[in-house]
Structure formats: C-alpha cells, structure tokens
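Containing compact mmCIF, N, CA and C atoms: entry.txt.
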```txt
# COMPACT_ATOMS: atom_id res chain seq x y z
N MET O 1 0.81 -1.19 0.00
CA MET O 1 0.00 0.00 0.00
C MET O 1 0.86 1.26 0.00
N GLY O 2 1.91 1.33 0.77
CA GLY O 2 2.76 2.51 0.78
C GLY O 2 2.36 3.50 1.85
N ASP O 3 3.05 4.61 1.84
CA ASP O 3 2.87 5.66 2.83
C ASP O 3 2.57 6.96 2.10
N TRP O 4 1.37 7.50 2.26
CA TRP O 4 0.94 8.71 1.57
C TRP O 4 1.07 9.93 2.47
N TRP O 5 1.41 11.06 1.87
CA TRP O 5 1.45 12.34 2.55
C TRP O 5 0.76 13.38 1.68
N SER O 6 0.05 14.30 2.29
CA SER O 6 -0.52 15.46 1.60
C SER O 6 -0.02 16.70 2.31
N ILE O 7 0.57 17.60 1.54
CA ILE O 7 1.08 18.85 2.08
C ILE O 7 0.31 19.97 1.39
N GLU O 8 -0.47 20.70 2.17
CA GLU O 8 -1.27 21.78 1.61
C GLU O 8 -0.69 23.12 2.06
N VAL O 9 -0.45 23.99 1.09
CA VAL O 9 0.13 25.31 1.34
C VAL O 9 -0.88 26.34 0.87
N PHE O 10 -1.20 27.28 1.76
CA PHE O 10 -2.19 28.31 1.45
C PHE O 10 -1.51 29.62 1.08
N ASP O 11 -2.18 30.38 0.21
CA ASP O 11 -1.70 31.72 -0.14
C ASP O 11 -1.72 32.60 1.10
N ALA O 12 -0.79 33.55 1.17
CA ALA O 12 -0.76 34.53 2.26
C ALA O 12 -0.15 35.81 1.70
N HIS O 13 0.91 36.31 2.34
CA HIS O 13 1.57 37.52 1.85
C HIS O 13 2.20 37.31 0.49
N SER O 14 2.43 36.06 0.13
CA SER O 14 2.88 35.71 -1.22
C SER O 14 2.12 34.47 -1.67
N SER O 15 2.27 34.15 -2.91
CA SER O 15 1.51 33.06 -3.52
C SER O 15 2.10 31.69 -3.17
N ALA O 16 1.23 30.74 -2.91
CA ALA O 16 1.67 29.36 -2.71
C ALA O 16 2.29 28.82 -4.00
N LEU O 17 1.84 29.32 -5.14
CA LEU O 17 2.41 28.90 -6.42
C LEU O 17 3.87 29.36 -6.54
N ARG O 18 4.18 30.53 -6.02
CA ARG O 18 5.59 30.99 -6.02
C ARG O 18 6.43 30.08 -5.12
N TRP O 19 5.86 29.68 -3.98
CA TRP O 19 6.57 28.75 -3.09
C TRP O 19 6.85 27.44 -3.82
N LYS O 20 5.84 26.93 -4.53
CA LYS O 20 6.01 25.69 -5.30
C LYS O 20 7.13 25.85 -6.32
N ASP O 21 7.13 26.97 -7.05
CA ASP O 21 8.17 27.20 -8.04
C ASP O 21 9.56 27.20 -7.41
N ALA O 22 9.67 27.72 -6.20
CA ALA O 22 10.97 27.80 -5.53
C ALA O 22 11.43 26.46 -4.96
N TYR O 23 10.50 25.60 -4.52
CA TYR O 23 10.89 24.39 -3.79
C TYR O 23 10.52 23.08 -4.48
N GLU O 24 9.82 23.14 -5.58
CA GLU O 24 9.37 21.92 -6.25
C GLU O 24 10.52 20.98 -6.58
N TYR O 25 11.56 21.48 -7.20
CA TYR O 25 12.66 20.62 -7.62
C TYR O 25 13.30 19.93 -6.41
N ALA O 26 13.59 20.68 -5.37
CA ALA O 26 14.25 20.11 -4.18
C ALA O 26 13.35 19.07 -3.51
N LEU O 27 12.06 19.34 -3.40
CA LEU O 27 11.15 18.39 -2.75
C LEU O 27 11.02 17.10 -3.56
N VAL O 28 10.85 17.23 -4.86
CA VAL O 28 10.69 16.04 -5.69
C VAL O 28 11.99 15.25 -5.76
N GLU O 29 13.12 15.92 -5.93
CA GLU O 29 14.41 15.22 -6.00
C GLU O 29 14.70 14.46 -4.71
N SER O 30 14.44 15.10 -3.57
CA SER O 30 14.69 14.41 -2.30
C SER O 30 13.70 13.27 -2.10
N ALA O 31 12.49 13.43 -2.60
CA ALA O 31 11.49 12.35 -2.50
C ALA O 31 11.92 11.14 -3.33
N ILE O 32 12.39 11.39 -4.54
CA ILE O 32 12.87 10.28 -5.37
C ILE O 32 14.03 9.57 -4.69
N SER O 33 14.92 10.33 -4.09
CA SER O 33 16.07 9.75 -3.39
C SER O 33 15.65 8.94 -2.17
N ASN O 34 14.45 9.20 -1.66
CA ASN O 34 13.94 8.49 -0.49
C ASN O 34 12.81 7.54 -0.86
N ARG O 35 12.84 7.01 -2.08
CA ARG O 35 11.96 5.94 -2.53
C ARG O 35 10.51 6.33 -2.72
N ALA O 36 10.26 7.57 -3.15
CA ALA O 36 8.89 7.96 -3.49
C ALA O 36 8.45 7.19 -4.72
N THR O 37 7.20 6.78 -4.72
CA THR O 37 6.68 6.03 -5.86
C THR O 37 5.85 6.90 -6.79
N THR O 38 5.22 7.93 -6.26
CA THR O 38 4.42 8.83 -7.07
C THR O 38 4.25 10.15 -6.34
N TRP O 39 3.98 11.20 -7.09
CA TRP O 39 3.72 12.51 -6.50
C TRP O 39 2.92 13.31 -7.51
N ASP O 40 2.22 14.32 -7.00
CA ASP O 40 1.42 15.16 -7.86
C ASP O 40 1.17 16.49 -7.15
N TRP O 41 1.05 17.54 -7.92
CA TRP O 41 0.73 18.87 -7.42
C TRP O 41 -0.68 19.21 -7.90
N HIS O 42 -1.49 19.79 -7.01
CA HIS O 42 -2.84 20.23 -7.34
C HIS O 42 -2.98 21.69 -6.94
N VAL O 43 -3.46 22.51 -7.85
CA VAL O 43 -3.70 23.92 -7.57
C VAL O 43 -5.18 24.08 -7.26
N HIS O 44 -5.49 24.85 -6.21
CA HIS O 44 -6.88 25.17 -5.90
C HIS O 44 -7.00 26.67 -5.64
N SER O 45 -8.16 27.14 -5.34
CA SER O 45 -8.41 28.58 -5.25
C SER O 45 -7.66 29.28 -4.12
N ARG O 46 -7.22 28.55 -3.10
CA ARG O 46 -6.54 29.19 -1.96
C ARG O 46 -5.08 28.78 -1.84
N GLY O 47 -4.58 27.95 -2.75
CA GLY O 47 -3.19 27.52 -2.65
C GLY O 47 -2.92 26.28 -3.47
N ILE O 48 -2.09 25.39 -2.92
CA ILE O 48 -1.69 24.17 -3.63
C ILE O 48 -1.64 22.99 -2.67
N VAL O 49 -1.67 21.79 -3.24
CA VAL O 49 -1.49 20.55 -2.48
C VAL O 49 -0.44 19.72 -3.19
N PHE O 50 0.52 19.22 -2.41
CA PHE O 50 1.54 18.30 -2.91
C PHE O 50 1.25 16.95 -2.28
N GLU O 51 0.87 15.98 -3.11
CA GLU O 51 0.61 14.62 -2.63
C GLU O 51 1.76 13.74 -3.06
N ILE O 52 2.20 12.90 -2.14
CA ILE O 52 3.36 12.07 -2.40
C ILE O 52 3.20 10.73 -1.71
N ALA O 53 3.64 9.67 -2.38
CA ALA O 53 3.57 8.32 -1.81
C ALA O 53 4.97 7.72 -1.79
N PHE O 54 5.25 6.99 -0.73
CA PHE O 54 6.53 6.30 -0.55
C PHE O 54 6.28 4.80 -0.45
N ARG O 55 7.30 4.03 -0.71
CA ARG O 55 7.19 2.56 -0.65
C ARG O 55 6.83 2.08 0.75
N GLU O 56 7.51 2.63 1.73
CA GLU O 56 7.34 2.20 3.13
C GLU O 56 7.10 3.41 4.02
N GLU O 57 6.46 3.19 5.15
CA GLU O 57 6.22 4.26 6.11
C GLU O 57 7.53 4.92 6.54
N SER O 58 8.56 4.13 6.76
CA SER O 58 9.84 4.68 7.20
C SER O 58 10.46 5.60 6.15
N ASP O 59 10.17 5.35 4.86
CA ASP O 59 10.70 6.21 3.80
C ASP O 59 10.09 7.61 3.88
N GLY O 60 8.78 7.68 4.07
CA GLY O 60 8.10 8.96 4.18
C GLY O 60 8.53 9.72 5.43
N GLU O 61 8.67 9.02 6.53
CA GLU O 61 9.11 9.67 7.77
C GLU O 61 10.53 10.20 7.63
N ALA O 62 11.40 9.43 7.00
CA ALA O 62 12.78 9.89 6.78
C ALA O 62 12.80 11.12 5.89
N TRP O 63 11.97 11.13 4.85
CA TRP O 63 11.90 12.28 3.95
C TRP O 63 11.46 13.53 4.70
N CYS O 64 10.46 13.39 5.55
CA CYS O 64 9.95 14.55 6.29
C CYS O 64 10.97 15.12 7.27
N ARG O 65 11.91 14.32 7.70
CA ARG O 65 12.94 14.78 8.64
C ARG O 65 14.13 15.43 7.94
N LEU O 66 14.20 15.36 6.62
CA LEU O 66 15.33 15.94 5.90
C LEU O 66 15.38 17.45 6.12
N PRO O 67 16.57 18.00 6.32
CA PRO O 67 16.69 19.45 6.53
C PRO O 67 16.11 20.27 5.38
N GLY O 68 16.29 19.83 4.15
CA GLY O 68 15.75 20.57 3.01
C GLY O 68 14.23 20.58 2.99
N VAL O 69 13.61 19.48 3.39
CA VAL O 69 12.15 19.41 3.45
C VAL O 69 11.66 20.32 4.57
N ARG O 70 12.30 20.25 5.73
CA ARG O 70 11.91 21.10 6.86
C ARG O 70 12.06 22.57 6.48
N ALA O 71 13.15 22.92 5.78
CA ALA O 71 13.37 24.31 5.36
C ALA O 71 12.28 24.75 4.39
N ALA O 72 11.90 23.88 3.45
CA ALA O 72 10.84 24.22 2.50
C ALA O 72 9.52 24.46 3.22
N LEU O 73 9.20 23.61 4.19
CA LEU O 73 7.94 23.78 4.94
C LEU O 73 7.97 25.03 5.80
N ASP O 74 9.14 25.37 6.32
CA ASP O 74 9.26 26.60 7.12
C ASP O 74 9.16 27.85 6.25
N ALA O 75 9.37 27.72 4.95
CA ALA O 75 9.38 28.86 4.04
C ALA O 75 8.04 29.10 3.34
N VAL O 76 6.99 28.38 3.71
CA VAL O 76 5.68 28.60 3.07
C VAL O 76 5.24 30.04 3.35
N PRO O 77 4.34 30.59 2.53
CA PRO O 77 3.94 31.98 2.71
C PRO O 77 3.46 32.32 4.13
N ASP O 78 2.80 31.39 4.79
CA ASP O 78 2.35 31.61 6.17
C ASP O 78 2.61 30.35 6.98
N PRO O 79 3.81 30.21 7.56
CA PRO O 79 4.13 28.98 8.29
C PRO O 79 3.31 28.77 9.56
N GLU O 80 2.70 29.82 10.08
CA GLU O 80 1.89 29.69 11.30
C GLU O 80 0.49 29.17 11.03
N ALA O 81 -0.13 29.63 9.94
CA ALA O 81 -1.53 29.27 9.70
C ALA O 81 -1.80 28.79 8.28
N GLY O 82 -0.78 28.67 7.47
CA GLY O 82 -1.01 28.34 6.07
C GLY O 82 -0.39 27.05 5.61
N LEU O 83 -0.25 26.09 6.51
CA LEU O 83 0.38 24.81 6.15
C LEU O 83 -0.34 23.67 6.84
N LEU O 84 -0.74 22.67 6.05
CA LEU O 84 -1.31 21.43 6.60
C LEU O 84 -0.46 20.28 6.07
N VAL O 85 0.04 19.46 6.96
CA VAL O 85 0.76 18.25 6.58
C VAL O 85 -0.03 17.09 7.14
N ARG O 86 -0.52 16.23 6.24
CA ARG O 86 -1.38 15.12 6.66
C ARG O 86 -0.88 13.81 6.09
N ARG O 87 -1.07 12.75 6.82
CA ARG O 87 -0.81 11.41 6.31
C ARG O 87 -2.05 10.94 5.59
N GLY O 88 -1.87 10.33 4.45
CA GLY O 88 -2.99 9.77 3.71
C GLY O 88 -3.19 10.47 2.38
N PRO O 89 -3.72 9.75 1.41
CA PRO O 89 -4.00 10.36 0.11
C PRO O 89 -5.16 11.33 0.18
N ASP O 90 -5.15 12.31 -0.67
CA ASP O 90 -6.24 13.29 -0.79
C ASP O 90 -6.53 14.00 0.52
N GLY O 91 -5.51 14.20 1.35
CA GLY O 91 -5.71 14.93 2.58
C GLY O 91 -6.48 14.19 3.64
N THR O 92 -6.53 12.86 3.54
CA THR O 92 -7.21 12.07 4.55
C THR O 92 -6.60 12.39 5.91
N PRO O 93 -7.42 12.71 6.90
CA PRO O 93 -6.86 13.05 8.20
C PRO O 93 -6.06 11.89 8.79
N CYS O 94 -5.08 12.23 9.56
CA CYS O 94 -4.27 11.21 10.20
C CYS O 94 -3.96 11.63 11.63
N CYS O 95 -3.33 10.74 12.33
CA CYS O 95 -3.09 11.02 13.75
C CYS O 95 -1.71 11.61 14.02
N ARG O 96 -0.80 11.63 13.07
CA ARG O 96 0.52 12.18 13.37
C ARG O 96 1.05 12.97 12.18
N GLY O 97 2.03 13.81 12.46
CA GLY O 97 2.63 14.60 11.40
C GLY O 97 1.77 15.75 10.91
N THR O 98 0.79 16.16 11.71
CA THR O 98 -0.14 17.18 11.23
C THR O 98 0.22 18.54 11.82
N ARG O 99 0.29 19.52 10.96
CA ARG O 99 0.40 20.91 11.39
C ARG O 99 -0.91 21.56 10.99
N ARG O 100 -1.69 21.98 11.94
CA ARG O 100 -2.99 22.56 11.63
C ARG O 100 -2.89 24.09 11.65
N PRO O 101 -3.61 24.74 10.72
CA PRO O 101 -3.57 26.20 10.74
C PRO O 101 -4.28 26.74 11.96
N ARG O 102 -3.77 27.81 12.51
CA ARG O 102 -4.40 28.46 13.63
C ARG O 102 -5.20 29.64 13.11
N GLN O 103 -6.32 29.89 13.73
CA GLN O 103 -7.15 31.00 13.31
C GLN O 103 -6.45 32.29 13.68
N ALA O 104 -6.44 33.23 12.76
CA ALA O 104 -5.82 34.53 13.01
C ALA O 104 -6.60 35.25 14.10
N PRO O 105 -5.90 35.97 14.98
CA PRO O 105 -6.63 36.69 16.03
C PRO O 105 -7.47 37.79 15.42
N SER O 106 -8.61 38.05 16.03
CA SER O 106 -9.49 39.09 15.53
C SER O 106 -9.02 40.45 16.04
N ALA O 107 -9.50 41.49 15.42
CA ALA O 107 -9.13 42.84 15.86
C ALA O 107 -9.60 43.09 17.28
N ALA O 108 -10.74 42.52 17.65
CA ALA O 108 -11.26 42.70 19.00
C ALA O 108 -10.31 42.08 20.03
N ALA O 109 -9.73 40.94 19.71
CA ALA O 109 -8.81 40.30 20.64
C ALA O 109 -7.54 41.12 20.79
N ALA O 110 -7.12 41.78 19.73
CA ALA O 110 -5.89 42.57 19.78
C ALA O 110 -6.06 43.81 20.63
N SER O 111 -7.29 44.36 20.68
CA SER O 111 -7.51 45.59 21.44
C SER O 111 -7.98 45.34 22.87
N ALA O 112 -8.22 44.10 23.22
CA ALA O 112 -8.73 43.80 24.56
C ALA O 112 -7.66 44.04 25.60
N GLU O 113 -8.09 44.50 26.77
CA GLU O 113 -7.17 44.71 27.88
C GLU O 113 -6.71 43.39 28.44
N PRO O 114 -5.42 43.26 28.79
CA PRO O 114 -4.97 42.01 29.39
C PRO O 114 -5.60 41.82 30.77
N PRO O 115 -5.81 40.59 31.21
CA PRO O 115 -6.42 40.38 32.51
C PRO O 115 -5.52 40.92 33.64
N ALA O 116 -6.15 41.42 34.68
CA ALA O 116 -5.40 41.94 35.83
C ALA O 116 -4.76 40.79 36.58
N PRO O 117 -3.54 40.99 37.11
CA PRO O 117 -2.92 39.92 37.88
C PRO O 117 -3.69 39.67 39.17
N PRO O 118 -3.66 38.46 39.68
CA PRO O 118 -4.40 38.17 40.92
C PRO O 118 -3.80 38.96 42.09
N ALA O 119 -4.68 39.32 43.03
CA ALA O 119 -4.24 40.05 44.22
C ALA O 119 -3.40 39.14 45.10
N PRO O 120 -2.36 39.67 45.72
CA PRO O 120 -1.54 38.81 46.59
C PRO O 120 -2.33 38.32 47.80
N ALA O 121 -2.08 37.07 48.14
CA ALA O 121 -2.76 36.49 49.31
C ALA O 121 -2.14 37.07 50.56
N GLY O 122 -2.95 37.33 51.52
CA GLY O 122 -2.26 37.82 52.65
C GLY O 122 -2.98 38.33 53.73
```

Entire entry expressed as structure tokens:
Amino acid sequence: MGDWWSIEVFDAHSSALRWKDAYEYALVESAISNRATTWDWHVHSRGIVFEIAFREESDGEAWCRLPGVRAALDAVPDPEAGLLVRRGPDGTPCCRGTRRPRQAPSAAAASAEPPAPPAPAG
C-alpha cells in the first residue's frame, strides 16, 4: 500500500504557487532519493497541495525529517496558519505529522485589555 502524505500550502503575503516554483525541484528530488513512488501537485483557489507516496512508512518519515524538506515547509507563505501536513492520500486526516492552521486573532482580541494579575494572598 505505501505511505501517503498530503502537504497543503495556502496563499498569504505571497503566492503558494511561487513557493512551489521555488521548492518543487528540491522536494521532488529528495522524495525520489527516499523511494517515493508517485507525486502530484494540485492547484486550488486558496493555494496548492503536494501529494506524495513512498514505498514504506519509514521512507516517508525519513523524507519529512530531511533538513531541506523542513526548510521548504518553514518557508511557506504563512508557516503559522497556512500549512497542513497530513498522512494519507487526498488529505485524509491522520493522527501524526499534522500541522494545523491556527485561526488569526481578531481585531477585538488585539484591542482587549490584558487580565489583571491576581491580588496577593495575605
């Protein structure tokens, strides 16, 4: 069956397509070197998805630990809220290796007063 990964990158201050153009060669070359069996890029209205399959689970895990792969994932347009890494084809949810986007804080939260510190006991 193999080991599937889906990496979804969302547009932010720059285009996810520009990120793909910058890192596609390095990601695919390193995947081939780590026994990838197939890969594909999908463009959607908010970004891109890179789906990749490896022969064995250990091959995919080793690929994800490579410094070049980690650097590429850290360089997405919004590394805090614009990256999903999932195990499974077509973005099937999985239990490990997931980076979920965090919701951006609202303007109301930014203007709220911080809570007062508790009164000293005494």

Between O:Gly60, O:Pro67, O:Gly88, O:Pro77, which residue has the minimum interatomic distance to Ala31 (chain O), considering only C-alpha atoms?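 Going through O:Gly60, O:Pro67, O:Gly88, O:Pro77 one by one, the smallest distance to Ala31 (chain O) is for O:Gly60.
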
Just give me the gap between atom C of Asn34 (chain O) and atom N of Ser15 (chain O) in Å, one decimal is fine. 28.7 Å

Skip Arg46 (chain O) itself and residues of its chain fewer than 5 positions away, then list as number ranges by chain all residues within 7 Å of it, counting all atoms listed in the file. O: 9-11, 16

Atom N of Val43 (chain O) and atom N of Ser58 (chain O) are how many Å apart?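 Computing it gives 26.4 Å between the two atoms.
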
Go through region 12-78 of chain O residue by residue and, counting all atoms listed in the file, keep those with an atom at most 5 Å from region 2-8 of chain O; for each kept residue give the shortest atom pair and its distance in Å to one decimal, ordered by chain and increasing number, as JSON lines.
```
{"residue": "O:Ile48", "atom": "C", "partner": "O:Glu8", "partner_atom": "CA", "distance": 4.5}
{"residue": "O:Val49", "atom": "CA", "partner": "O:Glu8", "partner_atom": "CA", "distance": 4.3}
{"residue": "O:Phe50", "atom": "N", "partner": "O:Ile7", "partner_atom": "C", "distance": 3.9}
{"residue": "O:Glu51", "atom": "CA", "partner": "O:Ser6", "partner_atom": "CA", "distance": 4.5}
{"residue": "O:Ile52", "atom": "C", "partner": "O:Trp5", "partner_atom": "N", "distance": 4.0}
{"residue": "O:Ala53", "atom": "CA", "partner": "O:Asp3", "partner_atom": "C", "distance": 4.3}
{"residue": "O:Phe54", "atom": "N", "partner": "O:Asp3", "partner_atom": "C", "distance": 3.9}
{"residue": "O:Arg55", "atom": "C", "partner": "O:Gly2", "partner_atom": "CA", "distance": 4.1}
{"residue": "O:Glu56", "atom": "C", "partner": "O:Asp3", "partner_atom": "N", "distance": 4.8}
{"residue": "O:Glu57", "atom": "CA", "partner": "O:Asp3", "partner_atom": "CA", "distance": 4.9}
```

As a check of understanding: the span from CA of Leu66 (chain O) to CA of Ser45 (chain O) is 29.1 Å

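Using only C-alpha atoms, the smallest distance between any of O:Leu83, O:Leu17, O:Val76, O:Ala36 and Glu61 (chain O) comes from O:Ala36.
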
Which residue gives the smallest distance to Cys64 (chain O) among O:Lys20, O:Arg86, O:His42, O:His13, with only C-alpha atoms counted?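 Selected residue with least distance to Cys64 (chain O): O:Arg86.
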